[in-house]
Amino acid sequence: MKKILIATTALVATAGVAAADVTLSGIGRFGLKYDNSAAVGASKTQLAYRLRFNIDASKETDSGVTFGGRIRMQSDYNSNGQTARLNAANVYASYNGLKVTVGNVGGAYDDAALIYNSELSFDGTSFGDPGGNFYSYKTGAYAAAEANRMGVNVAYSMAGINLEASYINPDQSVKTLPAAQSSEFALAASYKYNQFTISAATAQNGGGVKNNDLYFLGAEYAVNDLANVGLLYMDNGDKTIDGRTITLYGNYKMDAITLRGYVANNNAAGNATNTAFGIGADYDLGGATLAGGVERGYAKETVASLGVKFSF
C-alpha cells in the first residue's frame, strides 16, 4: 500500500534524539451489493462503502531497532449509524526481520498466507474463506465485553520464509477466565520458492472459545506472471456448525483485466448444498480498480456486487 508521508521528520527539542516518521495510508471502496436471500421486508440491493485511515508512527534507534505503532479510523455502511471511530491501537519493536507487536494484534491464523486468496469483487468476498471463530485484527473499537483484550504477536521473515505466533487473552484483567473461555494461541508458517507458495496455520481455542481448534493448509502455483491456481483446506473448528472447507481458485490476467474464480466445498450439517462457487473480474483504472463478482452460497443464495476500490 502506498503511503502518504505526513511528516518526514518530527521536530524534537532535545538535540541528539532520533527523529520519528508519521505516515497516513488507507483504502476506499464503494459499489452495489445484491443478495437474493435477504429477509422479507429487507432490501436485496444496497449501496456499500468503506473508508479507512491507518495512522502509523515509527522511530529507529541508533542501534537499528525500530519502535512504532498503529491506530486505525474506519467507517462502513450499515454500521448502526456510528461515525468513524478509532480502533484499539498496537505498538511494536522490530529488528532484522523480527517483529514483536503488543495490543490489538492480528491473530496468526487470520494472517496466514493464501487463506483469503479466493476472494472476489471490490469488497473481497468468498464462500471459500475460513469459517469458525478465531481472533483477527480488530478494525473497530472493542465491545464492552472485550475492553481488556490483550494480544502479543511475534513474526519473523527471512529469504521466503515467514513465521508467526500470536497469543490473545480475552480479558487480561482477571486471574481466571470463565469456564468456557480460554486464551487463543495461533501459529502460521509460509514458504515461497520460485512459482510455489505453501502455507499452514492453526488456532488453538480459536476466538477465546475453549477447545475450539482450527487448522489450515494451502498451496499456490504461479503458472507465470499472468496466472495462478491455488488449493486451500480449512478445518473450521466446530464440525457441525462450521464444517471443513476445501477451496480451489484461480486467476488469469489479460492486459488491464484480471479474471477470478473459485469453487468451494463445505460439509457443515446445516447447508442446503455443500458446493459454492464464484466468478469475477477486475479492471485496472490506473490508480483504482473496478471489480465485480457473482457467487452462489451454501444456502443456494445468489450474491453479486460491483464497485470501485482504491488505496492511498
# chains A, B, ... in the order shown; residues from 1 in each chain; ligands from 1
>>> closest_atom_pairs(of="range 13-87 of chain A", to="range 112-136 of chain A", cutoff="8 Å", atoms="only C-alpha atoms", output="Markdown table")
| residue | atom | partner | partner_atom | distance |
| --- | --- | --- | --- | --- |
| A:Arg29 | CA | A:Phe122 | CA | 6.8 |
| A:Phe30 | CA | A:Phe122 | CA | 7.7 |
| A:Gly31 | CA | A:Phe122 | CA | 7.6 |
>>> write_last_selection(atoms="N, CA and C atoms", output="CSV table (one decimal), in the first residue's frame")
chain,number,residue,atom,x,y,z
A,29,ARG,N,-13.6,2.3,-0.9
A,29,ARG,CA,-14.3,1.5,-1.8
A,29,ARG,C,-15.8,1.8,-1.8
A,30,PHE,N,-16.5,1.6,-2.9
A,30,PHE,CA,-17.9,1.9,-2.9
A,30,PHE,C,-18.5,1.1,-4.1
A,31,GLY,N,-19.8,0.7,-3.9
A,31,GLY,CA,-20.4,0.0,-5.0
A,31,GLY,C,-21.8,-0.6,-4.6
>>> residues_around(residues="Val152 in chain A", least_positions_apart="4", cutoff="6 Å", atoms="only C-alpha atoms", output="NGL selection string")
:A and (101-102 or 166-167)
>>> write_last_selection(atoms="C-alpha atoms", output="compact mmCIF listing (two decimals), in the first residue's frame")
# COMPACT_ATOMS: atom_id res chain seq x y z
CA THR A 101 3.64 -6.41 18.44
CA VAL A 102 1.54 -5.80 21.56
CA SER A 166 0.16 -14.97 18.45
CA TYR A 167 -1.33 -15.12 21.94
>>> residues_around(residues="Asn274 in chain A", least_positions_apart="4", cutoff="9 Å", atoms="only C-alpha atoms", output="JSON, numbers by chain")
{"A": [264, 265, 266, 267, 268, 297, 298, 299]}
>>> write_last_selection(atoms="N, CA and C atoms", output="compact mmCIF listing (two decimals), in the first residue's frame")
# COMPACT_ATOMS: atom_id res chain seq x y z
N ALA A 264 -15.86 -24.05 -3.99
CA ALA A 264 -15.58 -24.45 -2.61
C ALA A 264 -16.57 -25.51 -2.16
N ASN A 265 -16.11 -26.39 -1.27
CA ASN A 265 -16.95 -27.44 -0.70
C ASN A 265 -16.88 -27.35 0.81
N ASN A 266 -18.06 -27.27 1.44
CA ASN A 266 -18.14 -27.20 2.91
C ASN A 266 -19.17 -28.22 3.39
N ASN A 267 -18.82 -29.02 4.41
CA ASN A 267 -19.68 -30.13 4.83
C ASN A 267 -20.43 -29.88 6.13
N ALA A 268 -20.67 -28.60 6.48
CA ALA A 268 -21.44 -28.30 7.68
C ALA A 268 -22.85 -28.87 7.57
N GLY A 297 -24.00 -19.42 -2.78
CA GLY A 297 -23.55 -19.89 -1.48
C GLY A 297 -24.15 -21.21 -1.06
N TYR A 298 -23.87 -21.61 0.18
CA TYR A 298 -24.27 -22.91 0.71
C TYR A 298 -25.76 -22.98 1.02
N ALA A 299 -26.43 -21.84 1.07
CA ALA A 299 -27.89 -21.82 1.23
C ALA A 299 -28.57 -21.69 -0.13
>>> atom_distance(atom1="CA of Ser182 in chain A", atom2="CA of Ala93 in chain A")
26.7 Å
>>> residues_around(residues="Ala291 in chain A", least_positions_apart="4", cutoff="8 Å", atoms="only C-alpha atoms", output="PyMOL selection string")
chain A and resi 120-122+280-283+306-309
>>> write_last_selection(atoms="C-alpha atoms", output="PDB file, in the first residue's frame")
ATOM      1  CA  LEU A 120     -13.680 -11.596  -5.425  1.00  0.00           C
ATOM      2  CA  SER A 121     -15.043  -8.149  -6.189  1.00  0.00           C
ATOM      3  CA  PHE A 122     -14.442  -4.709  -4.721  1.00  0.00           C
ATOM      4  CA  GLY A 280     -15.465 -12.233 -11.025  1.00  0.00           C
ATOM      5  CA  ALA A 281     -13.271  -9.753 -12.839  1.00  0.00           C
ATOM      6  CA  ASP A 282     -11.123  -6.714 -12.042  1.00  0.00           C
ATOM      7  CA  TYR A 283     -10.347  -3.848 -14.407  1.00  0.00           C
ATOM      8  CA  LEU A 306     -19.846  -4.317  -8.468  1.00  0.00           C
ATOM      9  CA  GLY A 307     -17.803  -1.334  -7.379  1.00  0.00           C
ATOM     10  CA  VAL A 308     -14.562   0.584  -7.247  1.00  0.00           C
ATOM     11  CA  LYS A 309     -11.668   0.234  -4.796  1.00  0.00           C
TER      12      LYS A 309
END
>>> decode(residues="range 176-235 of chain A", atoms="C-alpha atoms", output="tab-separated table (two decimals), in the first residue's frame")
chain	number	residue	atom	x	y	z
A	176	THR	CA	-9.09	-16.81	35.79
A	177	LEU	CA	-11.27	-16.68	32.69
A	178	PRO	CA	-14.87	-18.04	32.71
A	179	ALA	CA	-15.16	-21.81	32.27
A	180	ALA	CA	-15.99	-21.69	28.55
A	181	GLN	CA	-13.26	-19.17	27.73
A	182	SER	CA	-9.55	-19.56	27.11
A	183	SER	CA	-6.75	-17.54	25.57
A	184	GLU	CA	-6.17	-18.21	21.88
A	185	PHE	CA	-2.74	-19.40	20.74
A	186	ALA	CA	-2.07	-19.45	17.00
A	187	LEU	CA	0.82	-20.39	14.71
A	188	ALA	CA	1.36	-19.76	10.99
A	189	ALA	CA	4.18	-20.51	8.56
A	190	SER	CA	4.65	-19.97	4.85
A	191	TYR	CA	7.40	-20.51	2.30
A	192	LYS	CA	7.76	-19.14	-1.23
A	193	TYR	CA	10.15	-20.68	-3.74
A	194	ASN	CA	10.05	-19.60	-7.38
A	195	GLN	CA	6.43	-20.15	-8.52
A	196	PHE	CA	5.35	-22.16	-5.46
A	197	THR	CA	3.90	-20.88	-2.17
A	198	ILE	CA	2.84	-23.14	0.69
A	199	SER	CA	1.16	-22.06	3.91
A	200	ALA	CA	-0.05	-23.68	7.12
A	201	ALA	CA	-1.68	-22.38	10.31
A	202	THR	CA	-3.54	-23.42	13.43
A	203	ALA	CA	-5.52	-21.61	16.12
A	204	GLN	CA	-5.99	-23.35	19.46
A	205	ASN	CA	-9.03	-22.17	21.48
A	206	GLY	CA	-9.97	-20.02	18.48
A	207	GLY	CA	-11.72	-16.78	19.31
A	208	GLY	CA	-11.21	-17.44	23.02
A	209	VAL	CA	-13.57	-20.45	22.92
A	210	LYS	CA	-12.15	-23.37	24.87
A	211	ASN	CA	-11.30	-26.46	22.76
A	212	ASN	CA	-12.22	-24.68	19.51
A	213	ASP	CA	-9.22	-25.69	17.40
A	214	LEU	CA	-8.82	-24.69	13.74
A	215	TYR	CA	-6.35	-25.85	11.07
A	216	PHE	CA	-5.38	-24.53	7.64
A	217	LEU	CA	-3.19	-25.78	4.79
A	218	GLY	CA	-2.80	-24.07	1.43
A	219	ALA	CA	-0.69	-24.16	-1.72
A	220	GLU	CA	-0.49	-21.89	-4.74
A	221	TYR	CA	1.32	-22.21	-8.06
A	222	ALA	CA	2.03	-19.21	-10.28
A	223	VAL	CA	1.87	-20.57	-13.81
A	224	ASN	CA	3.52	-17.35	-14.99
A	225	ASP	CA	3.23	-13.63	-14.25
A	226	LEU	CA	-0.33	-13.69	-15.60
A	227	ALA	CA	-1.98	-16.71	-13.97
A	228	ASN	CA	-2.04	-18.66	-10.71
A	229	VAL	CA	-4.01	-21.51	-9.18
A	230	GLY	CA	-4.40	-22.48	-5.52
A	231	LEU	CA	-5.91	-25.15	-3.28
A	232	LEU	CA	-6.94	-24.48	0.35
A	233	TYR	CA	-8.04	-26.79	3.17
A	234	MET	CA	-9.63	-25.45	6.37
A	235	ASP	CA	-10.84	-27.30	9.44
